[in-house]
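K.L.:
Just my_file-v7.cif, nothing more (mmCIF, C-alpha atoms and all ligand atoms):
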```
data_entry
#
loop_
_atom_site.label_atom_id
_atom_site.label_comp_id
_atom_site.auth_asym_id
_atom_site.auth_seq_id
_atom_site.Cartn_x
_atom_site.Cartn_y
_atom_site.Cartn_z
CA MET B 17 15.48 -23.37 49.12
CA LEU B 18 14.45 -25.88 46.47
CA ARG B 19 15.34 -23.52 43.63
CA GLY B 20 18.81 -23.08 45.09
CA ARG B 21 19.33 -26.82 45.63
CA ILE B 22 18.02 -27.98 42.26
CA LEU B 23 19.91 -25.30 40.35
CA GLU B 24 23.14 -26.11 42.20
CA ASN B 25 22.76 -29.85 41.60
CA LYS B 26 22.60 -29.01 37.91
CA LEU B 27 25.66 -26.74 38.14
CA SER B 28 27.56 -29.57 39.82
CA SER B 29 26.68 -31.95 36.94
CA LEU B 30 27.70 -29.35 34.37
CA TYR B 31 31.02 -28.83 36.16
CA LYS B 32 31.71 -32.56 36.32
CA ALA B 33 30.88 -32.83 32.62
CA GLY B 34 33.51 -30.15 31.91
CA LYS B 35 30.94 -27.58 30.75
CA ILE B 36 31.84 -24.90 33.33
CA VAL B 37 35.21 -23.13 33.33
CA GLY B 38 36.48 -22.21 36.82
CA GLY B 39 35.06 -23.42 40.11
CA VAL B 40 31.58 -24.29 41.28
CA TYR B 41 30.80 -23.58 44.93
CA LEU B 42 27.60 -24.87 46.47
CA GLY B 43 25.44 -23.83 49.40
CA ARG B 44 24.25 -27.38 50.05
CA GLY B 45 23.06 -27.54 53.65
CA GLN B 46 22.94 -23.74 54.00
CA GLU B 47 19.71 -23.10 52.10
CA ALA B 48 17.54 -22.54 55.18
CA VAL B 49 19.81 -19.79 56.47
CA SER B 50 20.32 -18.18 53.09
CA ALA B 51 16.72 -18.29 51.87
CA THR B 52 15.24 -17.01 55.12
CA LEU B 53 17.61 -14.04 55.04
CA GLY B 54 16.73 -13.29 51.39
CA THR B 55 13.05 -13.52 52.25
CA ALA B 56 13.32 -11.16 55.24
CA LEU B 57 14.86 -8.45 53.04
CA ILE B 58 12.88 -6.11 50.80
CA GLN B 59 14.02 -5.97 47.22
CA GLY B 60 14.26 -2.37 46.03
CA THR B 61 14.78 -1.04 49.57
CA ASP B 62 17.42 -3.21 51.23
CA PHE B 63 20.96 -4.18 50.33
CA PHE B 64 22.05 -7.79 50.17
CA ALA B 65 25.63 -8.90 49.63
CA PRO B 66 25.48 -12.66 49.12
CA LEU B 67 28.40 -15.08 49.12
CA ILE B 68 29.20 -18.12 47.03
CA ARG B 69 26.92 -20.29 49.17
CA ASP B 70 23.91 -18.00 48.84
CA GLN B 71 22.16 -19.15 45.70
CA ALA B 72 19.01 -19.75 47.78
CA GLY B 73 19.20 -16.25 49.28
CA ARG B 74 19.80 -14.61 45.91
CA THR B 75 16.72 -16.35 44.53
CA ALA B 76 14.65 -15.40 47.57
CA PHE B 77 15.78 -11.76 47.21
CA GLY B 78 14.60 -11.78 43.59
CA GLU B 79 17.55 -12.65 41.37
CA PRO B 80 16.33 -14.60 38.32
CA LEU B 81 17.86 -18.07 37.76
CA ILE B 82 19.11 -16.98 34.36
CA ASP B 83 21.57 -14.56 36.02
CA CYS B 84 23.26 -17.57 37.60
CA THR B 85 23.36 -19.83 34.55
CA ARG B 86 24.51 -16.99 32.29
CA THR B 87 27.37 -16.13 34.65
CA TYR B 88 28.55 -19.71 35.13
CA LEU B 89 28.32 -20.43 31.41
CA GLY B 90 29.98 -17.15 30.37
CA SER B 91 27.07 -15.67 28.41
CA VAL B 92 27.57 -12.09 27.23
CA LYS B 93 23.97 -11.45 28.29
CA GLY B 94 24.68 -12.19 31.95
CA PRO B 95 24.96 -9.50 34.62
CA MET B 96 28.77 -9.59 34.35
CA ARG B 97 28.54 -9.79 30.54
CA GLY B 98 30.49 -13.06 30.56
CA ARG B 99 33.65 -11.44 31.92
CA ASP B 100 33.57 -12.99 35.38
CA GLY B 101 34.93 -16.48 36.05
CA ASN B 102 31.67 -17.50 37.61
CA ILE B 103 30.67 -16.45 41.09
CA HIS B 104 31.31 -12.73 41.53
CA ARG B 105 28.08 -11.54 40.05
CA GLY B 106 25.76 -8.81 41.30
CA ARG B 107 23.38 -6.03 40.41
CA PRO B 108 24.65 -3.13 42.49
CA ASP B 109 22.07 -0.68 41.16
CA LEU B 110 19.39 -2.98 42.50
CA GLY B 111 20.89 -3.36 45.96
CA MET B 112 22.97 -6.47 45.35
CA PRO B 113 26.70 -5.71 45.08
CA ALA B 114 28.87 -8.19 43.22
CA MET B 115 30.78 -10.47 45.55
CA ILE B 116 34.40 -9.47 46.17
CA SER B 117 35.87 -12.11 48.44
CA HIS B 118 34.41 -14.80 50.60
CA LEU B 119 36.46 -13.64 53.57
CA GLY B 120 34.39 -10.84 55.13
CA ALA B 121 35.13 -8.10 52.59
CA GLN B 122 31.42 -7.50 52.07
CA VAL B 123 30.80 -6.46 55.68
CA SER B 124 32.48 -3.10 55.19
CA VAL B 125 30.96 -2.71 51.69
CA VAL B 126 27.42 -3.04 53.04
CA ALA B 127 28.26 -0.81 56.02
CA GLY B 128 29.55 1.77 53.52
CA MET B 129 26.40 1.52 51.40
CA LEU B 130 24.27 2.12 54.49
CA PHE B 131 26.46 5.00 55.64
CA ALA B 132 26.14 6.61 52.18
CA LYS B 133 22.35 6.40 52.45
CA ARG B 134 22.54 8.11 55.83
CA LEU B 135 24.58 10.94 54.31
CA GLN B 136 21.97 11.21 51.54
CA GLY B 137 19.17 11.27 54.13
CA THR B 138 17.51 8.11 52.76
CA LEU B 139 18.54 5.47 55.30
CA ALA B 140 15.25 5.22 57.23
CA GLY B 141 13.53 1.82 56.95
CA ARG B 142 16.44 0.27 55.10
CA VAL B 143 18.56 -2.75 56.07
CA GLY B 144 21.82 -4.05 54.65
CA ALA B 145 22.72 -7.69 55.07
CA THR B 146 25.56 -9.99 54.22
CA CYS B 147 26.45 -13.60 54.87
CA ILE B 148 29.87 -14.85 55.86
CA GLY B 149 31.41 -18.10 57.05
CA ASP B 150 33.07 -18.99 60.35
CA GLY B 151 36.49 -18.47 58.72
CA ALA B 152 35.62 -14.89 57.80
CA THR B 153 35.11 -14.00 61.47
CA SER B 154 38.89 -14.33 61.92
CA THR B 155 39.70 -11.68 59.32
CA GLY B 156 40.49 -8.00 59.69
CA ALA B 157 37.80 -7.07 57.17
CA PHE B 158 35.10 -8.55 59.42
CA HIS B 159 36.45 -6.76 62.50
CA GLU B 160 36.79 -3.37 60.82
CA GLY B 161 33.40 -3.51 59.11
CA LEU B 162 31.45 -4.65 62.14
CA ASN B 163 33.23 -2.23 64.45
CA LEU B 164 32.45 0.71 62.16
CA ALA B 165 28.82 -0.40 61.79
CA ALA B 166 28.49 -0.69 65.58
CA ILE B 167 29.95 2.75 66.25
CA GLU B 168 27.68 4.30 63.62
CA ARG B 169 24.71 2.11 64.70
CA LEU B 170 24.06 1.16 61.09
CA PRO B 171 21.16 -1.20 60.25
CA LEU B 172 23.55 -3.99 59.25
CA VAL B 173 22.74 -7.68 59.64
CA VAL B 174 25.65 -10.11 59.42
CA VAL B 175 24.63 -13.74 59.16
CA VAL B 176 27.44 -16.15 59.96
CA ALA B 177 26.88 -19.60 58.52
CA ASN B 178 29.08 -21.61 60.85
CA ASN B 179 29.40 -24.72 58.69
CA GLN B 180 32.20 -26.01 60.98
CA PHE B 181 34.94 -25.73 58.33
CA ALA B 182 36.76 -22.88 56.61
CA TYR B 183 37.80 -24.85 53.57
CA SER B 184 39.46 -27.70 55.54
CA THR B 185 40.16 -25.77 58.79
CA PRO B 186 37.85 -26.97 61.58
CA ASN B 187 36.27 -24.65 64.17
CA ASP B 188 38.78 -25.60 66.89
CA ARG B 189 41.63 -24.24 64.75
CA GLN B 190 39.62 -21.14 63.80
CA PHE B 191 38.48 -19.48 67.05
CA ALA B 192 39.03 -19.97 70.77
CA CYS B 193 35.76 -18.58 72.16
CA ALA B 194 33.09 -21.10 73.15
CA ASP B 195 30.60 -19.79 70.60
CA LEU B 196 31.05 -17.31 67.76
CA VAL B 197 28.03 -15.33 68.94
CA GLU B 198 30.20 -14.09 71.85
CA LYS B 199 31.97 -11.93 69.30
CA ALA B 200 28.75 -9.91 68.86
CA ARG B 201 28.94 -8.73 72.47
CA GLY B 202 32.59 -7.78 71.98
CA TYR B 203 31.66 -5.46 69.13
CA GLY B 204 28.57 -4.09 70.91
CA VAL B 205 26.08 -5.50 68.42
CA GLY B 206 22.98 -7.67 68.90
CA GLY B 207 23.75 -11.40 68.86
CA PHE B 208 21.56 -14.39 67.98
CA SER B 209 22.23 -18.12 67.70
CA VAL B 210 20.12 -20.40 65.55
CA ASP B 211 20.08 -23.99 64.39
CA GLY B 212 20.82 -23.46 60.70
CA THR B 213 19.31 -26.82 59.76
CA ASP B 214 15.88 -25.77 61.08
CA MET B 215 14.00 -23.66 58.55
CA LEU B 216 11.26 -22.46 60.91
CA ALA B 217 13.83 -21.45 63.54
CA CYS B 218 15.74 -19.52 60.85
CA VAL B 219 12.55 -17.76 59.69
CA SER B 220 11.95 -16.62 63.24
CA VAL B 221 15.49 -15.71 64.38
CA ILE B 222 16.81 -14.16 61.17
CA GLY B 223 13.48 -12.36 60.70
CA GLU B 224 13.80 -10.90 64.20
CA ALA B 225 17.40 -9.75 63.60
CA VAL B 226 16.34 -7.98 60.39
CA ARG B 227 13.35 -6.41 62.15
CA ARG B 228 15.54 -5.07 64.98
CA ALA B 229 18.03 -3.58 62.55
CA ARG B 230 15.21 -2.01 60.52
CA GLU B 231 13.66 -0.49 63.64
CA GLY B 232 16.83 1.29 64.71
CA GLY B 233 18.41 -1.35 66.97
CA GLY B 234 21.80 -1.06 65.27
CA PRO B 235 23.82 -3.92 63.80
CA GLN B 236 22.79 -7.51 64.46
CA MET B 237 24.79 -10.68 64.08
CA VAL B 238 23.22 -14.12 63.69
CA VAL B 239 25.33 -17.25 64.06
CA ALA B 240 23.72 -20.25 62.40
CA ARG B 241 25.20 -23.65 63.14
CA LEU B 242 25.11 -26.30 60.43
CA LEU B 243 27.40 -28.50 58.35
CA ARG B 244 28.55 -27.83 54.81
CA LEU B 245 27.08 -30.80 52.90
CA SER B 246 29.54 -30.55 50.01
CA GLY B 247 33.23 -29.89 49.55
CA HIS B 248 34.51 -26.31 49.67
CA GLY B 249 33.92 -26.35 45.92
CA GLU B 250 33.08 -29.14 43.55
CA HIS B 251 36.80 -29.79 43.08
CA ASP B 252 37.04 -30.81 46.77
CA ASP B 253 35.59 -34.07 48.14
CA GLY B 254 35.54 -32.80 51.74
CA SER B 255 37.21 -36.02 52.93
CA TYR B 256 38.61 -34.14 55.97
CA VAL B 257 35.08 -33.86 57.46
CA PRO B 258 34.84 -36.59 60.13
CA ALA B 259 32.09 -39.17 59.74
CA GLU B 260 30.64 -38.22 63.18
CA ALA B 261 29.94 -34.67 61.99
CA ARG B 262 27.91 -36.01 59.08
CA VAL B 263 25.64 -38.08 61.30
CA ASP B 264 25.10 -35.71 64.22
CA HIS B 265 22.17 -33.27 64.46
CA TYR B 266 23.87 -30.50 62.47
CA GLY B 267 24.74 -32.93 59.71
CA GLN B 268 21.07 -33.25 58.79
CA ASP B 269 19.86 -31.82 55.50
CA CYS B 270 17.87 -28.60 56.04
CA ILE B 271 15.79 -29.32 52.94
CA GLU B 272 14.60 -32.65 54.34
CA VAL B 273 13.81 -30.89 57.64
CA ALA B 274 11.96 -28.09 55.84
CA MET B 275 9.83 -30.53 53.85
CA GLN B 276 8.84 -32.30 57.06
CA GLN B 277 8.01 -28.96 58.70
CA LEU B 278 5.85 -27.91 55.75
CA ILE B 279 3.93 -31.18 55.80
CA GLU B 280 3.55 -31.42 59.60
CA ASN B 281 2.31 -27.83 59.85
CA HIS B 282 -0.04 -28.29 56.88
CA PHE B 283 1.70 -25.55 54.88
CA ALA B 284 2.05 -27.96 51.94
CA THR B 285 1.37 -31.58 51.03
CA ALA B 286 4.00 -34.09 49.92
CA GLU B 287 2.38 -34.04 46.45
CA GLU B 288 2.69 -30.26 46.23
CA ILE B 289 6.36 -30.44 47.13
CA VAL B 290 6.96 -33.02 44.38
CA ALA B 291 5.11 -30.74 41.94
CA TRP B 292 7.36 -27.80 42.98
CA GLN B 293 10.43 -29.94 42.40
CA ASP B 294 9.26 -30.88 38.90
CA GLN B 295 8.39 -27.29 38.05
CA ILE B 296 11.75 -26.00 39.33
CA ALA B 297 13.70 -28.72 37.50
CA ASP B 298 12.00 -27.50 34.33
CA GLU B 299 12.84 -23.83 35.09
CA VAL B 300 16.47 -24.80 35.73
CA GLN B 301 16.65 -26.80 32.52
CA ARG B 302 15.34 -23.82 30.54
CA ALA B 303 17.74 -21.37 32.21
CA VAL B 304 20.70 -23.63 31.37
CA ALA B 305 19.55 -24.25 27.79
CA GLN B 306 19.07 -20.53 27.17
CA ALA B 307 22.49 -19.55 28.56
CA GLN B 308 24.18 -22.33 26.58
CA GLN B 309 22.83 -20.92 23.32
CA GLU B 310 24.09 -17.40 23.98
CA PRO B 311 27.44 -16.07 22.74
CA VAL B 312 30.45 -15.42 24.98
CA PRO B 313 31.89 -11.87 25.00
CA ASP B 314 34.20 -10.59 22.29
CA PRO B 315 37.11 -8.97 24.20
CA TYR B 316 37.79 -6.61 21.27
CA GLN B 317 34.21 -5.29 21.24
CA GLU B 318 33.77 -5.19 25.01
CA ASP B 319 33.98 -1.65 26.43
CA TRP B 320 35.24 -2.91 29.82
CA THR B 321 33.40 -0.26 31.84
CA ALA B 322 32.30 -1.19 35.35
CA LEU B 323 29.03 -3.10 35.33
CA SER B 324 27.19 -0.53 37.42
CA THR B 325 27.50 2.08 34.69
CA ARG B 326 25.61 -0.14 32.24
CA PHE B 327 22.46 -0.97 34.19
CA PRO B 328 19.31 1.09 33.83
CA LEU B 329 18.48 2.26 37.33
CA ASP B 330 14.72 1.93 36.96
CA GLN B 331 14.51 -1.71 35.95
CA PRO B 332 13.16 -4.15 38.56
CA ILE B 333 15.38 -7.11 39.36
CA SER B 334 12.72 -9.63 38.34
CA GLN B 335 12.74 -8.41 34.74
CA PRO B 336 15.43 -9.50 32.33
CA ILE B 337 17.73 -6.53 31.91
CA PHE B 338 19.15 -7.65 28.59
CA SER B 339 16.85 -8.49 25.72
C1 LIG Y 1 41.06 -12.49 51.23
C2 LIG Y 1 40.95 -13.94 50.90
N1 LIG Y 1 41.76 -14.86 51.51
C3 LIG Y 1 41.66 -16.17 51.20
C4 LIG Y 1 40.75 -16.61 50.27
C5 LIG Y 1 40.67 -18.11 49.94
N2 LIG Y 1 39.48 -18.67 50.57
C6 LIG Y 1 38.30 -18.66 49.94
S1 LIG Y 1 37.06 -19.31 50.86
C7 LIG Y 1 38.12 -19.64 52.14
C8 LIG Y 1 37.59 -20.26 53.42
C9 LIG Y 1 36.33 -19.61 53.86
O1 LIG Y 1 35.84 -20.20 55.01
P1 LIG Y 1 34.55 -19.67 55.72
O2 LIG Y 1 34.63 -18.20 55.93
O3 LIG Y 1 34.33 -20.50 56.93
O4 LIG Y 1 33.40 -19.91 54.65
P2 LIG Y 1 32.86 -21.28 54.04
O5 LIG Y 1 33.72 -21.58 52.84
O6 LIG Y 1 32.96 -22.31 55.10
O7 LIG Y 1 31.46 -20.98 53.65
C10 LIG Y 1 39.41 -19.22 51.83
C11 LIG Y 1 40.57 -19.34 52.75
C12 LIG Y 1 39.94 -15.63 49.66
N3 LIG Y 1 38.98 -15.95 48.77
N4 LIG Y 1 40.05 -14.32 49.97
#
```
Starting from the file, give its structure as structure tokens.

P.N.:
Amino acid sequence: MLRGRILENKLSSLYKAGKIVGGVYLGRGQEAVSATLGTALIQGTDFFAPLIRDQAGRTAFGEPLIDCTRTYLGSVKGPMRGRDGNIHRGRPDLGMPAMISHLGAQVSVVAGMLFAKRLQGTLAGRVGATCIGDGATSTGAFHEGLNLAAIERLPLVVVVANNQFAYSTPNDRQFACADLVEKARGYGVGGFSVDGTDMLACVSVIGEAVRRAREGGGPQMVVARLLRLSGHGEHDDGSYVPAEARVDHYGQDCIEVAMQQLIENHFATAEEIVAWQDQIADEVQRAVAQAQQEPVPDPYQEDWTALSTRFPLDQPISQPIFS
């Protein structure tokens, strides 16, 4: 969670200083949901299709920070070889497809990946997960993907980060059911609700959803309630979010809550947390400095093949793939 937050704070500064071309989209306030999902998945076995607000989950799943800074800064050494605007990066060979759209498109992609593994006879013990927002639950892509996964009883976990706004559209203009988790019953999939600002609750509920999917319980949907603590992107000041939403329970910062939980449960001391922050700030600084020194792609030399054809299949995600 801290890696995601500290890295994204740096990206925001770089964007405001005009050093990043394109948008910067943060997961501020969603780190507990994202990181606990990434942690519950097994790198090398599972599939994870993160969204633009899932820096914390990507890191927890095993993506190195340098993948992020290289992509945002357009380095030719990044996973998209500097060809992507910024956020649609992935390592499909390693179970992490590149993001397509924010609006539920990944649900059917992950369902398809799982279905392909079933056809190959290698699905057992595997889970595929994706995160979406409340707005995505209104799209056809979400409906089609979840419906297919339910009929095929695929081990799919869809985590909905209900951050109360789809860009500037509030929940009451987005869906008419009392709670989004009711949609799970409609599709015939397992449904869970969790307070997305509470890290320990997320560990338990998201962990349980992943476990049920892995053990053959079919698709699971988790709805996590929270508030987006930034604009839709760094170009947006989020001034449409009412002041009451910022001060109610779900407006609290999950990182502050998590720190308290760690200290109260004697998992870590305040001094250790400060030391982690310092160490991570240093890692982030190095990942930015390295990407800034690297060249951008030469469009005349670039072979423009799909990224998946260029990755060695046997390389673990934690190792740099480009030298
Ligand atoms: C197919 C498609 N339609 C529209 C957009 C533009 N768009 C990007 S994010 C967004 C709102 C998403 O809201 P939500 O699903 O609640 O996710 P959040 O941004 O709150 O995390 C929209 C309309 C898009 N990227 N793709």

K.L.:
Do you know which residues are within 6 Å of ligand LIG 1 (chain Y) using all atoms listed in the file? Can you write them as an NGL selection string?

P.N.:
:B and (117-119 or 148-152 or 179 or 181-183 or 248)

K.L.:
Just to confirm, what's the straight-line distance from CA of Arg21 (chain B) to CA of Leu57 (chain B) in Å (one decimal)?

P.N.:
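Those two atoms sit 20.3 Å apart.
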
K.L.:
Give as an MDAnalysis selection string the set of residues within 7 Å of the point (21.7, -8.5, 56.6), where distances use the file's coordinates and all atoms listed in the file.

P.N.:
chainID B and resid 64 143:146 172:175 226

K.L.:
In Å to one decimal, how far is CA of Val123 (chain B) from CA of Gly156 (chain B)?

P.N.:
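Computed distance, CA of Gly156 (chain B) to CA of Val123 (chain B), equals 10.6 Å.
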
K.L.:
Between CA of Gly98 (chain B) and CA of Arg86 (chain B), what is the spacing in Å?

P.N.:
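It comes out at 7.4 Å.
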
K.L.:
Dump as CSV the rows for residues of region 19-131 of chain B within 12 Å of region 273-290 of chain B: closest atom pair and distance in Å with one decimal, all atoms listed in the file counted, ordered by chain and rising residue number.

P.N.:
```
residue,atom,partner,partner_atom,distance
B:Arg19,CA,B:Ile289,CA,11.9
B:Gly45,CA,B:Val273,CA,10.6
B:Gln46,CA,B:Ala274,CA,12.0
B:Glu47,CA,B:Ala274,CA,9.9
B:Ala48,CA,B:Ala274,CA,7.9
B:Val49,CA,B:Ala274,CA,11.4
B:Ala51,CA,B:Ala274,CA,11.6
B:Thr52,CA,B:Ala274,CA,11.6
```

K.L.:
Taking only C-alpha atoms into account, name the residue in B:Gly249, B:Gly232, B:Gly39, B:Gly202 that is nearest to Ile103 (chain B).

P.N.:
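Ranking B:Gly249, B:Gly232, B:Gly39, B:Gly202 by distance to Ile103 (chain B), first place goes to B:Gly39.
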
K.L.:
Restricting the calculation to only C-alpha atoms: of B:Asp62, B:Arg44, B:Ser91, B:Val219, which residue gets closest to Asp314 (chain B)?

P.N.:
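Ranking B:Asp62, B:Arg44, B:Ser91, B:Val219 by distance to Asp314 (chain B), first place goes to B:Ser91.
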
K.L.:
I want to know what sits within 12 Å of Lys199 (chain B), based on all atoms listed in the file, with residues of the same chain fewer than 5 positions away left out; could you give that as a short mmCIF file (atom, residue, chain, number, x, y, z; two decimals) with C-alpha atoms, in the frame of the given file?

P.N.:
```
data_model
loop_
_atom_site.label_atom_id
_atom_site.label_comp_id
_atom_site.auth_asym_id
_atom_site.auth_seq_id
_atom_site.Cartn_x
_atom_site.Cartn_y
_atom_site.Cartn_z
CA ASP B 150 33.07 -18.99 60.35
CA THR B 153 35.11 -14.00 61.47
CA SER B 154 38.89 -14.33 61.92
CA PHE B 158 35.10 -8.55 59.42
CA HIS B 159 36.45 -6.76 62.50
CA LEU B 162 31.45 -4.65 62.14
CA ASN B 163 33.23 -2.23 64.45
CA VAL B 174 25.65 -10.11 59.42
CA VAL B 176 27.44 -16.15 59.96
CA PHE B 191 38.48 -19.48 67.05
CA ALA B 192 39.03 -19.97 70.77
CA CYS B 193 35.76 -18.58 72.16
CA ALA B 194 33.09 -21.10 73.15
CA GLY B 204 28.57 -4.09 70.91
CA VAL B 205 26.08 -5.50 68.42
CA GLY B 206 22.98 -7.67 68.90
CA GLY B 207 23.75 -11.40 68.86
CA PHE B 208 21.56 -14.39 67.98
CA SER B 209 22.23 -18.12 67.70
CA GLN B 236 22.79 -7.51 64.46
CA MET B 237 24.79 -10.68 64.08
CA VAL B 238 23.22 -14.12 63.69
CA VAL B 239 25.33 -17.25 64.06
#
```

K.L.:
Taking only residues of region 158-219 of chain B that have an atom at most 7 Å from an atom of region 251-270 of chain B, what is each one's shortest atom pair and its distance in Å to one decimal, using only C-alpha atoms, in chain and number order, as JSON lines?

P.N.:
```
{"residue": "B:Ser184", "atom": "CA", "partner": "B:Tyr256", "partner_atom": "CA", "distance": 6.5}
{"residue": "B:Thr213", "atom": "CA", "partner": "B:Cys270", "partner_atom": "CA", "distance": 4.4}
{"residue": "B:Asp214", "atom": "CA", "partner": "B:Cys270", "partner_atom": "CA", "distance": 6.1}
{"residue": "B:Met215", "atom": "CA", "partner": "B:Cys270", "partner_atom": "CA", "distance": 6.8}
```
